[in-house]
Amino acid sequence: MIFKTDKQNVAYKLKHSRRARNLRLAVYYTGDVVVTAPLGFEVGRIEDFLQQKISWVIKKLDFFKNHHPAPIRKASRKEYLNQKAAALVLAKQKVVLWNQRYNFFYNRVSVKNQSTRWGSCSRKRNLNFNYQILYLPDYLVDYLVVHELCHLQEFNHSAKFWTLVSLAIPNYKICRKELKNHERI
């Protein structure tokens with residue numbers, strides 16, 4: 001779909017999701033703009049939403065045109081399988097290391113080939129990491145592992161959660177910002 005502005009036309013993809021509660025807007029380093037909407041959401045409201053966010057979208061598109069951050073990309077199955085074991089060893093070592101500080105209970109640590117996340121913590125207390133943590137600087141892997149560990153205590157991003165993170169990673173805001181620069185496709 002095309003959204004027309006005074007300055008330029010912006011092509012975007014519209015996805016509908018049963019799980020979405022609100023509109024979500026993402027701009028990727030590839031130049032893709034994706035709007036995710038709840039099922040049955042009116043197209044006119046989507047256009048209004050885009051109008052409100054258009055300066056941010058253009059700013060992001062310009063940024064990606066001039067800067068090419070290292071992306072998370074969904075790798076081929078072969079590449080993923082070749083690197084999965086090493087990534088799992090790294091993830092488990094980091095979880096054990098950082099959990100000495102927190103002593104949280106978790107069930108399982110696993111590695112996946114995800115295109116939208118660096119990591120996650122499930123309600124079943126499973127810690128999941130993108131295998132491409134292998135390509136991150138060590139301090140960002142530390143931040144990521146601590147972030148997911150802290151979700152075992154605070155399953156949100158509240159002030160309590162960030163206080164927990166800061167116990168191990170005082171410069172978490174810088175790490176968080178840097179990790180976001182590794183855009184996903």
# chains A, B, ... in the order shown; residues from 1 in each chain; ligands from 1

$ residues_around --residues "Ala168 of chain A" --least-positions-apart "5" --cutoff "8 Å" --atoms "only C-alpha atoms" --output "number ranges by chain"
A: 98, 101, 146

$ residues_around --residues "Tyr139 of chain A" --least-positions-apart "5" --cutoff "10 Å" --atoms "only C-alpha atoms" --output "CSV table (one decimal) with C-alpha atoms, in the first residue's frame"
chain,number,residue,atom,x,y,z
A,144,LEU,CA,20.5,-9.4,26.7
A,145,VAL,CA,21.0,-12.3,29.1
A,169,ILE,CA,24.3,-3.7,34.0
A,172,TYR,CA,21.7,-0.7,30.5
A,175,CYS,CA,23.3,-1.2,25.8

$ closest_residue --among "A:Leu152, A:Leu25, A:Gln132, A:Lys84" --to "Asn107 of chain A" --atoms "only C-alpha atoms"
A:Leu152

$ residues_around --residues "Asn22 of chain A" --least-positions-apart "6" --cutoff "10 Å" --atoms "only C-alpha atoms" --output "list in words"
Thr36, Ala37, Pro38 and Phe41 of chain A
